>>> print(open('model27.cif').read())   # mmCIF, C-alpha atoms
data_work
#
loop_
_atom_site.group_PDB
_atom_site.id
_atom_site.type_symbol
_atom_site.label_atom_id
_atom_site.label_comp_id
_atom_site.auth_asym_id
_atom_site.auth_seq_id
_atom_site.Cartn_x
_atom_site.Cartn_y
_atom_site.Cartn_z
ATOM 1 C CA MET X 1 9.081 38.936 22.604
ATOM 2 C CA VAL X 2 10.966 35.645 22.831
ATOM 3 C CA GLU X 3 12.705 34.690 19.586
ATOM 4 C CA THR X 4 12.061 31.120 18.480
ATOM 5 C CA VAL X 5 15.259 29.171 17.784
ATOM 6 C CA GLN X 6 15.201 27.101 14.606
ATOM 7 C CA ILE X 7 16.231 23.519 15.374
ATOM 8 C CA ASP X 8 18.386 21.991 12.667
ATOM 9 C CA VAL X 9 18.408 18.376 13.876
ATOM 10 C CA SER X 10 16.260 16.458 16.336
ATOM 11 C CA VAL X 11 18.268 13.517 17.684
ATOM 12 C CA ILE X 12 15.968 10.748 18.905
ATOM 13 C CA VAL X 13 17.281 8.330 21.531
ATOM 14 C CA ALA X 14 15.025 5.393 22.416
ATOM 15 C CA ALA X 15 16.307 4.302 25.827
ATOM 16 C CA TYR X 16 15.847 0.953 27.549
ATOM 17 C CA LYS X 17 18.041 -0.268 30.391
ATOM 18 C CA CYS X 18 20.967 1.878 29.251
ATOM 19 C CA VAL X 19 22.205 3.665 32.374
ATOM 20 C CA ALA X 20 25.795 2.767 31.495
ATOM 21 C CA THR X 21 25.752 4.347 28.023
ATOM 22 C CA LEU X 22 22.952 6.930 27.829
ATOM 23 C CA GLU X 23 25.001 9.916 28.991
ATOM 24 C CA ARG X 24 27.730 9.177 26.449
ATOM 25 C CA ALA X 25 25.135 9.047 23.657
ATOM 26 C CA VAL X 26 23.517 12.312 24.739
ATOM 27 C CA ARG X 27 26.807 14.178 25.203
ATOM 28 C CA SER X 28 27.965 13.102 21.755
ATOM 29 C CA SER X 29 24.708 14.459 20.317
ATOM 30 C CA LEU X 30 25.247 17.801 22.019
ATOM 31 C CA ASP X 31 28.870 18.076 20.886
ATOM 32 C CA GLN X 32 27.829 19.105 17.383
ATOM 33 C CA PRO X 33 29.174 22.560 16.492
ATOM 34 C CA GLY X 34 27.645 24.370 13.553
ATOM 35 C CA VAL X 35 24.112 23.033 14.037
ATOM 36 C CA THR X 36 21.306 23.650 16.496
ATOM 37 C CA VAL X 37 20.348 20.348 18.068
ATOM 38 C CA GLU X 38 17.610 19.049 20.325
ATOM 39 C CA VAL X 39 17.947 15.624 21.911
ATOM 40 C CA ILE X 40 14.740 13.752 22.687
ATOM 41 C CA ILE X 41 15.233 10.808 25.045
ATOM 42 C CA VAL X 42 12.302 8.430 25.322
ATOM 43 C CA ASP X 43 12.609 5.895 28.122
ATOM 44 C CA ASP X 44 10.751 2.731 27.119
ATOM 45 C CA ALA X 45 9.533 1.776 30.601
ATOM 46 C CA SER X 46 12.969 0.635 31.768
ATOM 47 C CA PRO X 47 13.005 -1.366 35.019
ATOM 48 C CA ASP X 48 16.242 0.351 36.114
ATOM 49 C CA ASP X 49 17.225 4.024 36.587
ATOM 50 C CA THR X 50 17.283 4.942 32.898
ATOM 51 C CA LEU X 51 14.378 7.369 33.270
ATOM 52 C CA VAL X 52 15.971 8.952 36.344
ATOM 53 C CA LEU X 53 19.164 9.559 34.373
ATOM 54 C CA ALA X 54 17.238 10.868 31.351
ATOM 55 C CA ARG X 55 15.464 13.423 33.547
ATOM 56 C CA LYS X 56 18.756 14.494 35.127
ATOM 57 C CA LEU X 57 20.190 15.112 31.662
ATOM 58 C CA ALA X 58 17.092 17.103 30.697
ATOM 59 C CA GLU X 59 17.515 19.244 33.815
ATOM 60 C CA ALA X 60 21.183 19.819 33.005
ATOM 61 C CA TYR X 61 20.707 20.838 29.355
ATOM 62 C CA ASP X 62 18.035 23.145 27.953
ATOM 63 C CA ASN X 63 18.004 21.301 24.620
ATOM 64 C CA VAL X 64 17.464 17.832 26.071
ATOM 65 C CA ILE X 65 13.929 16.504 26.536
ATOM 66 C CA ALA X 66 13.070 13.401 28.555
ATOM 67 C CA LEU X 67 9.873 11.416 27.970
ATOM 68 C CA THR X 68 8.644 7.973 28.922
ATOM 69 C CA THR X 69 6.315 5.554 27.167
ATOM 70 C CA GLY X 70 4.937 4.336 30.496
ATOM 71 C CA VAL X 71 4.629 0.813 29.144
ATOM 72 C CA ASN X 72 7.212 -1.017 27.068
ATOM 73 C CA LYS X 73 6.510 -0.435 23.366
ATOM 74 C CA GLY X 74 9.845 -1.254 21.758
ATOM 75 C CA PRO X 75 12.005 1.148 19.743
ATOM 76 C CA SER X 76 9.234 1.947 17.250
ATOM 77 C CA GLY X 77 6.813 3.193 19.878
ATOM 78 C CA ALA X 78 9.487 5.209 21.662
ATOM 79 C CA ARG X 79 10.684 6.845 18.440
ATOM 80 C CA ASN X 80 7.154 7.660 17.326
ATOM 81 C CA MET X 81 6.561 9.484 20.615
ATOM 82 C CA ALA X 82 9.652 11.590 19.908
ATOM 83 C CA LEU X 83 8.606 12.283 16.327
ATOM 84 C CA GLU X 84 5.345 13.769 17.552
ATOM 85 C CA ILE X 85 7.191 16.614 19.298
ATOM 86 C CA ALA X 86 10.359 16.909 17.177
ATOM 87 C CA LYS X 87 10.992 20.388 15.774
ATOM 88 C CA GLY X 88 14.142 19.853 13.731
ATOM 89 C CA THR X 89 14.431 20.408 10.005
ATOM 90 C CA TYR X 90 15.957 16.935 10.038
ATOM 91 C CA VAL X 91 15.449 14.040 12.423
ATOM 92 C CA THR X 92 17.912 11.263 13.126
ATOM 93 C CA VAL X 93 18.101 8.255 15.428
ATOM 94 C CA LEU X 94 20.959 7.489 17.790
ATOM 95 C CA ASP X 95 20.829 4.124 19.544
ATOM 96 C CA SER X 96 21.389 4.544 23.274
ATOM 97 C CA ASP X 97 24.570 2.437 23.331
ATOM 98 C CA ASP X 98 26.080 4.164 20.264
ATOM 99 C CA PHE X 99 27.732 7.568 19.934
ATOM 100 C CA MET X 100 28.677 10.225 17.388
ATOM 101 C CA GLU X 101 31.844 12.073 16.540
ATOM 102 C CA SER X 102 31.901 15.838 17.043
ATOM 103 C CA GLY X 103 30.854 17.655 13.869
ATOM 104 C CA ARG X 104 29.046 14.703 12.289
ATOM 105 C CA LEU X 105 25.684 16.409 12.014
ATOM 106 C CA ALA X 106 27.033 19.619 10.459
ATOM 107 C CA ARG X 107 28.917 17.648 7.822
ATOM 108 C CA MET X 108 25.864 15.560 7.006
ATOM 109 C CA MET X 109 23.460 18.480 6.876
ATOM 110 C CA ALA X 110 25.723 20.294 4.407
ATOM 111 C CA GLN X 111 25.921 17.165 2.227
ATOM 112 C CA ALA X 112 22.158 16.625 2.386
ATOM 113 C CA ARG X 113 21.561 20.125 1.047
ATOM 114 C CA VAL X 114 24.128 19.835 -1.754
ATOM 115 C CA LEU X 115 22.749 16.437 -2.834
ATOM 116 C CA GLN X 116 19.115 17.538 -2.287
ATOM 117 C CA ALA X 117 18.608 14.350 -0.312
ATOM 118 C CA THR X 118 15.453 13.544 1.608
ATOM 119 C CA ILE X 119 17.436 10.848 3.408
ATOM 120 C CA LEU X 120 21.190 11.224 3.839
ATOM 121 C CA ALA X 121 23.023 8.315 5.477
ATOM 122 C CA ASP X 122 26.704 8.015 6.269
ATOM 123 C CA ASP X 123 28.321 4.596 6.188
ATOM 124 C CA LEU X 124 28.785 3.830 9.878
ATOM 125 C CA TYR X 125 31.655 2.350 11.859
ATOM 126 C CA LYS X 126 31.253 -0.744 14.021
ATOM 127 C CA VAL X 127 33.353 -0.909 17.198
ATOM 128 C CA MET X 128 33.461 -3.545 19.906
ATOM 129 C CA GLU X 129 32.003 -2.887 23.349
ATOM 130 C CA GLY X 130 34.807 -2.229 25.812
ATOM 131 C CA ASP X 131 37.163 -1.250 23.001
ATOM 132 C CA GLU X 132 35.334 1.720 21.528
ATOM 133 C CA GLU X 133 38.605 3.469 20.684
ATOM 134 C CA GLY X 134 39.941 0.331 19.005
ATOM 135 C CA PRO X 135 39.588 -0.995 15.454
ATOM 136 C CA ARG X 136 36.776 0.398 13.309
ATOM 137 C CA THR X 137 34.961 -1.674 10.708
ATOM 138 C CA ARG X 138 32.813 -0.016 8.066
ATOM 139 C CA LEU X 139 29.350 -1.464 7.658
ATOM 140 C CA LEU X 140 28.976 -1.251 3.877
ATOM 141 C CA ASP X 141 32.128 0.210 2.307
ATOM 142 C CA LEU X 142 29.847 2.517 0.321
ATOM 143 C CA PRO X 143 30.223 4.691 -1.617
ATOM 144 C CA LYS X 144 33.068 3.046 -3.477
ATOM 145 C CA PRO X 145 36.468 4.812 -3.681
ATOM 146 C CA GLY X 146 36.418 7.687 -6.140
ATOM 147 C CA SER X 147 32.760 8.525 -5.513
ATOM 148 C CA ASP X 148 31.398 11.120 -3.105
ATOM 149 C CA SER X 149 27.955 9.550 -2.761
ATOM 150 C CA PHE X 150 25.852 6.525 -3.657
ATOM 151 C CA LYS X 151 22.252 7.006 -4.765
ATOM 152 C CA VAL X 152 19.813 4.369 -3.568
ATOM 153 C CA ASP X 153 16.394 3.524 -5.000
ATOM 154 C CA LEU X 154 13.885 1.069 -3.529
ATOM 155 C CA ALA X 155 15.237 -1.891 -5.496
ATOM 156 C CA GLU X 156 18.848 -1.207 -4.472
ATOM 157 C CA PHE X 157 17.856 -0.559 -0.872
ATOM 158 C CA THR X 158 15.945 -3.829 -0.747
ATOM 159 C CA ARG X 159 18.902 -5.739 -2.174
ATOM 160 C CA GLY X 160 21.021 -3.913 0.386
ATOM 161 C CA ASN X 161 19.095 -5.657 3.144
ATOM 162 C CA MET X 162 19.810 -9.182 1.929
ATOM 163 C CA THR X 163 22.368 -10.882 4.161
ATOM 164 C CA SER X 164 24.528 -11.632 1.111
ATOM 165 C CA TYR X 165 24.708 -7.989 -0.035
ATOM 166 C CA ASN X 166 28.107 -6.419 -0.671
ATOM 167 C CA GLY X 167 29.934 -9.639 0.206
ATOM 168 C CA ALA X 168 29.158 -9.476 3.939
ATOM 169 C CA ARG X 169 26.375 -9.112 6.486
ATOM 170 C CA GLY X 170 25.806 -5.370 6.439
ATOM 171 C CA GLU X 171 22.227 -4.315 5.853
ATOM 172 C CA MET X 172 21.419 -0.759 4.746
ATOM 173 C CA GLY X 173 18.604 -0.773 7.263
ATOM 174 C CA PHE X 174 21.230 -0.517 10.015
ATOM 175 C CA LEU X 175 22.186 2.999 8.879
ATOM 176 C CA LYS X 176 21.153 6.013 10.967
ATOM 177 C CA PRO X 177 20.473 8.791 8.448
ATOM 178 C CA LEU X 178 19.269 12.351 8.564
ATOM 179 C CA ILE X 179 15.667 12.492 7.312
ATOM 180 C CA LEU X 180 13.737 15.615 6.338
ATOM 181 C CA ARG X 181 11.039 15.860 8.983
ATOM 182 C CA ASP X 182 8.609 17.674 6.672
ATOM 183 C CA PHE X 183 8.718 14.698 4.295
ATOM 184 C CA LEU X 184 7.742 12.315 7.082
ATOM 185 C CA GLU X 185 4.873 14.606 8.039
ATOM 186 C CA GLU X 186 3.658 15.123 4.470
ATOM 187 C CA GLN X 187 3.659 11.370 3.824
ATOM 188 C CA SER X 188 2.313 10.465 7.294
ATOM 189 C CA LEU X 189 5.245 8.104 7.807
ATOM 190 C CA ARG X 190 5.967 6.588 11.196
ATOM 191 C CA TYR X 191 7.607 3.468 12.582
ATOM 192 C CA HIS X 192 5.369 0.389 12.711
ATOM 193 C CA GLU X 193 4.813 -0.368 16.370
ATOM 194 C CA ASP X 194 4.134 -4.059 15.761
ATOM 195 C CA MET X 195 7.747 -4.396 14.610
ATOM 196 C CA ARG X 196 10.738 -4.973 16.879
ATOM 197 C CA LEU X 197 12.931 -6.194 14.037
ATOM 198 C CA GLY X 198 13.525 -4.314 10.780
ATOM 199 C CA GLU X 199 11.550 -1.241 11.836
ATOM 200 C CA ASP X 200 14.200 1.044 10.322
ATOM 201 C CA PHE X 201 14.141 -0.926 7.067
ATOM 202 C CA ALA X 202 10.370 -0.537 6.837
ATOM 203 C CA LEU X 203 10.431 3.232 7.413
ATOM 204 C CA TYR X 204 13.211 3.857 4.882
ATOM 205 C CA ALA X 205 11.593 1.553 2.301
ATOM 206 C CA GLU X 206 8.219 3.255 2.651
ATOM 207 C CA ALA X 207 9.905 6.642 2.310
ATOM 208 C CA LEU X 208 11.602 5.487 -0.906
ATOM 209 C CA ALA X 209 8.293 4.152 -2.203
ATOM 210 C CA ALA X 210 6.817 7.601 -1.516
ATOM 211 C CA GLY X 211 9.514 9.312 -3.591
ATOM 212 C CA ALA X 212 12.300 10.082 -1.126
ATOM 213 C CA ALA X 213 15.768 10.813 -2.517
ATOM 214 C CA PHE X 214 18.199 8.577 -0.595
ATOM 215 C CA GLN X 215 21.972 9.095 -0.700
ATOM 216 C CA ILE X 216 24.778 7.286 1.145
ATOM 217 C CA VAL X 217 28.026 9.158 1.814
ATOM 218 C CA PRO X 218 31.330 8.110 3.436
ATOM 219 C CA PRO X 219 31.501 7.817 7.239
ATOM 220 C CA ALA X 220 30.896 11.094 9.046
ATOM 221 C CA GLY X 221 31.317 9.660 12.538
ATOM 222 C CA TYR X 222 28.528 7.331 13.698
ATOM 223 C CA PHE X 223 29.894 4.564 15.914
ATOM 224 C CA ALA X 224 27.719 1.484 16.371
ATOM 225 C CA VAL X 225 28.841 -0.421 19.458
ATOM 226 C CA VAL X 226 28.681 -4.173 18.899
ATOM 227 C CA ARG X 227 28.032 -6.299 21.979
ATOM 228 C CA PRO X 228 29.070 -9.968 22.108
ATOM 229 C CA ASP X 229 25.482 -11.018 22.840
ATOM 230 C CA SER X 230 24.222 -9.148 19.768
ATOM 231 C CA LEU X 231 26.285 -11.155 17.300
ATOM 232 C CA SER X 232 23.955 -14.166 17.164
ATOM 233 C CA GLY X 233 21.290 -12.338 15.164
ATOM 234 C CA SER X 234 18.629 -14.664 16.595
ATOM 235 C CA HIS X 235 15.033 -13.481 16.533
ATOM 236 C CA GLY X 236 11.729 -14.993 17.572
ATOM 237 C CA ALA X 237 8.930 -16.097 15.276
ATOM 238 C CA LYS X 238 6.736 -13.135 16.223
ATOM 239 C CA ASP X 239 9.358 -10.566 15.199
ATOM 240 C CA LEU X 240 10.276 -12.367 11.995
ATOM 241 C CA GLY X 241 6.590 -12.796 11.123
ATOM 242 C CA ALA X 242 5.931 -9.065 11.510
ATOM 243 C CA LEU X 243 8.916 -8.284 9.276
ATOM 244 C CA ALA X 244 7.771 -10.787 6.636
ATOM 245 C CA ARG X 245 4.274 -9.265 6.567
ATOM 246 C CA ARG X 246 5.667 -5.746 6.118
ATOM 247 C CA ILE X 247 7.954 -6.845 3.268
ATOM 248 C CA LYS X 248 4.994 -8.578 1.598
ATOM 249 C CA ALA X 249 2.912 -5.390 1.848
ATOM 250 C CA LEU X 250 5.733 -3.387 0.272
ATOM 251 C CA ARG X 251 6.110 -6.013 -2.462
ATOM 252 C CA ASP X 252 2.412 -5.999 -3.287
ATOM 253 C CA ALA X 253 2.496 -2.225 -3.789
ATOM 254 C CA ALA X 254 5.715 -2.192 -5.858
ATOM 255 C CA THR X 255 6.403 -2.722 -9.539
ATOM 256 C CA GLY X 256 9.389 -3.599 -11.728
ATOM 257 C CA PRO X 257 12.831 -4.217 -10.220
ATOM 258 C CA ALA X 258 11.671 -3.090 -6.764
ATOM 259 C CA ARG X 259 8.970 -5.752 -6.719
ATOM 260 C CA ASP X 260 11.446 -8.434 -7.807
ATOM 261 C CA ALA X 261 13.895 -7.411 -5.075
ATOM 262 C CA LEU X 262 11.170 -7.326 -2.423
ATOM 263 C CA GLN X 263 9.964 -10.769 -3.507
ATOM 264 C CA ALA X 264 13.496 -12.145 -3.026
ATOM 265 C CA LEU X 265 13.792 -10.502 0.391
ATOM 266 C CA TRP X 266 10.351 -11.809 1.392
ATOM 267 C CA ILE X 267 11.318 -15.374 0.468
ATOM 268 C CA ASP X 268 14.589 -15.032 2.395
ATOM 269 C CA THR X 269 12.719 -13.726 5.454
ATOM 270 C CA MET X 270 9.999 -16.371 5.154
ATOM 271 C CA LYS X 271 12.652 -19.089 5.280
ATOM 272 C CA ARG X 272 13.990 -17.719 8.554
ATOM 273 C CA TYR X 273 10.498 -17.127 9.970
ATOM 274 C CA SER X 274 9.134 -20.550 8.992
ATOM 275 C CA TRP X 275 12.123 -22.388 10.467
ATOM 276 C CA VAL X 276 11.861 -20.617 13.830
ATOM 277 C CA ARG X 277 8.090 -21.116 13.777
ATOM 278 C CA LEU X 278 8.554 -24.828 13.040
ATOM 279 C CA ILE X 279 10.999 -25.243 15.920
ATOM 280 C CA ASP X 280 8.485 -23.633 18.278
ATOM 281 C CA ALA X 281 5.695 -25.864 16.972
ATOM 282 C CA VAL X 282 7.773 -29.034 17.410
ATOM 283 C CA LYS X 283 8.675 -28.052 20.973
ATOM 284 C CA ALA X 284 4.974 -27.467 21.698
ATOM 285 C CA ARG X 285 4.027 -30.731 19.908
ATOM 286 C CA ASP X 286 1.431 -28.725 17.974
ATOM 287 C CA LEU X 287 0.713 -30.891 14.913
ATOM 288 C CA ALA X 288 -1.624 -28.355 13.320
ATOM 289 C CA GLU X 289 0.991 -25.623 13.622
ATOM 290 C CA ILE X 290 3.681 -27.936 12.241
ATOM 291 C CA ALA X 291 1.511 -28.608 9.178
ATOM 292 C CA ALA X 292 0.790 -24.879 8.795
ATOM 293 C CA CYS X 293 4.515 -24.137 8.568
ATOM 294 C CA PHE X 294 4.655 -26.037 5.278
ATOM 295 C CA LYS X 295 1.820 -24.013 3.742
ATOM 296 C CA ALA X 296 4.354 -21.708 2.140
ATOM 297 C CA PRO X 297 5.985 -21.098 -1.254
ATOM 298 C CA PRO X 298 7.776 -24.228 -2.535
ATOM 299 C CA SER X 299 11.251 -22.775 -1.951
ATOM 300 C CA VAL X 300 10.363 -22.155 1.702
ATOM 301 C CA SER X 301 8.986 -25.692 2.188
ATOM 302 C CA ILE X 302 12.102 -27.152 0.543
ATOM 303 C CA HIS X 303 14.237 -25.053 2.870
ATOM 304 C CA LEU X 304 12.388 -26.473 5.886
ATOM 305 C CA ILE X 305 12.867 -30.042 4.646
ATOM 306 C CA ASN X 306 16.583 -29.410 4.108
ATOM 307 C CA CYS X 307 16.915 -27.918 7.598
ATOM 308 C CA LEU X 308 15.151 -30.923 9.107
ATOM 309 C CA GLY X 309 17.483 -33.213 7.192
ATOM 310 C CA GLU X 310 20.526 -31.380 8.499
ATOM 311 C CA GLN X 311 19.224 -31.627 12.046
ATOM 312 C CA PHE X 312 18.578 -35.356 11.612
ATOM 313 C CA VAL X 313 22.151 -35.920 10.391
ATOM 314 C CA LEU X 314 23.598 -33.887 13.259
ATOM 315 C CA ARG X 315 21.562 -35.683 15.908
ATOM 316 C CA THR X 316 22.288 -39.090 14.411
ATOM 317 C CA GLY X 317 26.003 -38.258 14.420
ATOM 318 C CA ARG X 318 25.866 -37.294 18.078
ATOM 319 C CA LEU X 319 24.053 -40.519 18.974
ATOM 320 C CA LEU X 320 26.573 -42.638 17.074
ATOM 321 C CA GLY X 321 29.387 -40.757 18.737
ATOM 322 C CA ARG X 322 28.062 -41.784 22.126
ATOM 323 C CA SER X 323 27.707 -45.441 21.119
ATOM 324 C CA PRO X 324 30.060 -47.897 22.898
#
>>> encode(input="model27.cif", output="structure tokens")
Amino acid sequence: MVETVQIDVSVIVAAYKCVATLERAVRSSLDQPGVTVEVIIVDDASPDDTLVLARKLAEAYDNVIALTTGVNKGPSGARNMALEIAKGTYVTVLDSDDFMESGRLARMMAQARVLQATILADDLYKVMEGDEEGPRTRLLDLPKPGSDSFKVDLAEFTRGNMTSYNGARGEMGFLKPLILRDFLEEQSLRYHEDMRLGEDFALYAEALAAGAAFQIVPPAGYFAVVRPDSLSGSHGAKDLGALARRIKALRDAATGPARDALQALWIDTMKRYSWVRLIDAVKARDLAEIAACFKAPPSVSIHLINCLGEQFVLRTGRLLGRSP
């Protein structure tokens, strides 16, 4: 009789065009003494050799599984495919260009049990691509010195995803926590496949709304590699619109401080969405779409008018600067 091995952590790696970094991510997931790990790589229909590499890694290691979506679905679709077969007590996401320090998962699992956390996130380190051994910058600087953990409810988590939170751009939705898999199954929680922006935020927020206990602890060794082309933070109208709709749905179901925080985040997101949408409409010379952009809460319409005014001043200044 073959004894079934209990998997402590299922590490999910959504992979797209990441031949240069995938093996590093997988090896860092396997270098986790003290826990039994499975690594589930899901290639998201990459046009390069990512799937070939994923299958080679699966052949080399018994606890690595390689799947493919077949058609590009984005990170949400790839992660959901992995969740369907994950066997770990906990699941966690590792982005394919990031990596973990040896021992991270054992440290986090021990903390999750002591704190009785459904979701246990460690404040991550940001490092620059090409200088991964160089300076480390903490994302949140939470918990504060003198505290071992920081408890997060839905209101605090929502505020933690405002760009002004904690004095810098460092959204809690960027964290890569351990999550109790049974909780996800009991609550039928999955990533929203219409989202390619803020999909982590939506999953964590819905888990909190369903009663999850969320704790943040000091860095345990997750390294988020920042690429120069990722610093712009630019997103298209479709992605921002999907995020705005999800925040609105969460707001409509919430009460008290959580509802107030979600309303503020929705307005903030609507400003970004409406401005990008307006730019697209102006480029397309779509008068009906331009008018539709102003059918929004007053603060959003005022924001659009202010943005247009700023653009007018900038363009006028450029024209005057070229005058003889």
>>> residues_near_point(input="model27.cif", point="(6.9, -20.7, 0.0)", cutoff="10 Å", atoms="all atoms listed in the file", output="mmCIF file with C-alpha atoms, in the coordinates of the input")
data_model
loop_
_atom_site.group_PDB
_atom_site.id
_atom_site.type_symbol
_atom_site.label_atom_id
_atom_site.label_comp_id
_atom_site.auth_asym_id
_atom_site.auth_seq_id
_atom_site.Cartn_x
_atom_site.Cartn_y
_atom_site.Cartn_z
ATOM 1 C CA TRP X 266 10.351 -11.809 1.392
ATOM 2 C CA ILE X 267 11.318 -15.374 0.468
ATOM 3 C CA ASP X 268 14.589 -15.032 2.395
ATOM 4 C CA MET X 270 9.999 -16.371 5.154
ATOM 5 C CA LYS X 271 12.652 -19.089 5.280
ATOM 6 C CA SER X 274 9.134 -20.550 8.992
ATOM 7 C CA CYS X 293 4.515 -24.137 8.568
ATOM 8 C CA PHE X 294 4.655 -26.037 5.278
ATOM 9 C CA LYS X 295 1.820 -24.013 3.742
ATOM 10 C CA ALA X 296 4.354 -21.708 2.140
ATOM 11 C CA PRO X 297 5.985 -21.098 -1.254
ATOM 12 C CA PRO X 298 7.776 -24.228 -2.535
ATOM 13 C CA SER X 299 11.251 -22.775 -1.951
ATOM 14 C CA VAL X 300 10.363 -22.155 1.702
ATOM 15 C CA SER X 301 8.986 -25.692 2.188
ATOM 16 C CA ILE X 302 12.102 -27.152 0.543
ATOM 17 C CA HIS X 303 14.237 -25.053 2.870
ATOM 18 C CA LEU X 304 12.388 -26.473 5.886
#
>>> atom_distance(input="model27.cif", atom1="CA of Lys151 (chain X)", atom2="CA of Met172 (chain X)")
12.3 Å
>>> closest_atom_pairs(input="model27.cif", of="region 86-161 of chain X", to="region 173-193 of chain X", cutoff="9 Å", atoms="all atoms listed in the file", output="JSON lines")
{"residue": "X:Ala86", "atom": "CA", "partner": "X:Arg181", "partner_atom": "CA", "distance": 8.3}
{"residue": "X:Lys87", "atom": "CA", "partner": "X:Arg181", "partner_atom": "CA", "distance": 8.2}
{"residue": "X:Gly88", "atom": "CA", "partner": "X:Arg181", "partner_atom": "CA", "distance": 6.9}
{"residue": "X:Thr89", "atom": "CA", "partner": "X:Arg181", "partner_atom": "CA", "distance": 5.8}
{"residue": "X:Tyr90", "atom": "CA", "partner": "X:Leu180", "partner_atom": "CA", "distance": 4.5}
{"residue": "X:Val91", "atom": "CA", "partner": "X:Ile179", "partner_atom": "CA", "distance": 5.3}
{"residue": "X:Thr92", "atom": "CA", "partner": "X:Leu178", "partner_atom": "CA", "distance": 4.9}
{"residue": "X:Val93", "atom": "CA", "partner": "X:Lys176", "partner_atom": "CA", "distance": 5.9}
{"residue": "X:Leu94", "atom": "CA", "partner": "X:Lys176", "partner_atom": "CA", "distance": 7.0}
{"residue": "X:Asp95", "atom": "CA", "partner": "X:Lys176", "partner_atom": "CA", "distance": 8.8}
{"residue": "X:Leu105", "atom": "CA", "partner": "X:Leu178", "partner_atom": "CA", "distance": 8.3}
{"residue": "X:Met108", "atom": "CA", "partner": "X:Leu178", "partner_atom": "CA", "distance": 7.5}
{"residue": "X:Met109", "atom": "CA", "partner": "X:Leu178", "partner_atom": "CA", "distance": 7.6}
{"residue": "X:Ala112", "atom": "CA", "partner": "X:Leu178", "partner_atom": "CA", "distance": 8.0}
{"residue": "X:Ala117", "atom": "CA", "partner": "X:Leu180", "partner_atom": "CA", "distance": 8.3}
{"residue": "X:Thr118", "atom": "CA", "partner": "X:Leu180", "partner_atom": "CA", "distance": 5.4}
{"residue": "X:Ile119", "atom": "CA", "partner": "X:Ile179", "partner_atom": "CA", "distance": 4.6}
{"residue": "X:Leu120", "atom": "CA", "partner": "X:Leu178", "partner_atom": "CA", "distance": 5.2}
{"residue": "X:Ala121", "atom": "CA", "partner": "X:Pro177", "partner_atom": "CA", "distance": 3.9}
{"residue": "X:Asp122", "atom": "CA", "partner": "X:Pro177", "partner_atom": "CA", "distance": 6.6}
{"residue": "X:Asp123", "atom": "CA", "partner": "X:Leu175", "partner_atom": "CA", "distance": 6.9}
{"residue": "X:Leu124", "atom": "CA", "partner": "X:Leu175", "partner_atom": "CA", "distance": 6.7}
{"residue": "X:Leu139", "atom": "CA", "partner": "X:Phe174", "partner_atom": "CA", "distance": 8.5}
{"residue": "X:Phe157", "atom": "CA", "partner": "X:Gly173", "partner_atom": "CA", "distance": 8.2}
{"residue": "X:Thr158", "atom": "CA", "partner": "X:Gly173", "partner_atom": "CA", "distance": 9.0}
{"residue": "X:Gly160", "atom": "CA", "partner": "X:Gly173", "partner_atom": "CA", "distance": 7.9}
{"residue": "X:Asn161", "atom": "CA", "partner": "X:Gly173", "partner_atom": "CA", "distance": 6.4}
>>> residues_around(input="model27.cif", residues="Met195 (chain X)", least_positions_apart="5", cutoff="7 Å", atoms="only C-alpha atoms", output="list of chain:residue names")
X:Asp239, X:Ala242, X:Leu243
>>> resolve_selection(input="model27.cif", expression="the PyMOL selection byres ((chain X and resi 18-27) around 8)", output="list in words")
Ala15, Tyr16, Lys17, Ser28, Ser29, Leu30, Asp31, Val39, Asp48, Asp49, Thr50, Leu53, Ala54, Leu57, Leu94, Asp95, Ser96, Asp97, Asp98, Phe99 and Met100 of chain X
>>> write_last_selection(input="model27.cif", atoms="C-alpha atoms", output="PDB file, in the coordinates of the input")
ATOM      1  CA  ALA X  15      16.307   4.302  25.827  1.00  0.00           C
ATOM      2  CA  TYR X  16      15.847   0.953  27.549  1.00  0.00           C
ATOM      3  CA  LYS X  17      18.041  -0.268  30.391  1.00  0.00           C
ATOM      4  CA  SER X  28      27.965  13.102  21.755  1.00  0.00           C
ATOM      5  CA  SER X  29      24.708  14.459  20.317  1.00  0.00           C
ATOM      6  CA  LEU X  30      25.247  17.801  22.019  1.00  0.00           C
ATOM      7  CA  ASP X  31      28.870  18.076  20.886  1.00  0.00           C
ATOM      8  CA  VAL X  39      17.947  15.624  21.911  1.00  0.00           C
ATOM      9  CA  ASP X  48      16.242   0.351  36.114  1.00  0.00           C
ATOM     10  CA  ASP X  49      17.225   4.024  36.587  1.00  0.00           C
ATOM     11  CA  THR X  50      17.283   4.942  32.898  1.00  0.00           C
ATOM     12  CA  LEU X  53      19.164   9.559  34.373  1.00  0.00           C
ATOM     13  CA  ALA X  54      17.238  10.868  31.351  1.00  0.00           C
ATOM     14  CA  LEU X  57      20.190  15.112  31.662  1.00  0.00           C
ATOM     15  CA  LEU X  94      20.959   7.489  17.790  1.00  0.00           C
ATOM     16  CA  ASP X  95      20.829   4.124  19.544  1.00  0.00           C
ATOM     17  CA  SER X  96      21.389   4.544  23.274  1.00  0.00           C
ATOM     18  CA  ASP X  97      24.570   2.437  23.331  1.00  0.00           C
ATOM     19  CA  ASP X  98      26.080   4.164  20.264  1.00  0.00           C
ATOM     20  CA  PHE X  99      27.732   7.568  19.934  1.00  0.00           C
ATOM     21  CA  MET X 100      28.677  10.225  17.388  1.00  0.00           C
TER      22      MET X 100
END
>>> resolve_selection(input="model27.cif", expression="the PyMOL selection byres ((chain X and resi 277-282) around 10)", output="VMD selection string")
chain X and resid 236 to 238 240 to 241 271 to 276 283 to 294 304 308
>>> resolve_selection(input="model27.cif", expression="the PyMOL selection byres ((chain X and resi 138) around 10)", output="ChimeraX atom specification")
/X:123-127,136-137,139-142,170,218-219,223-224
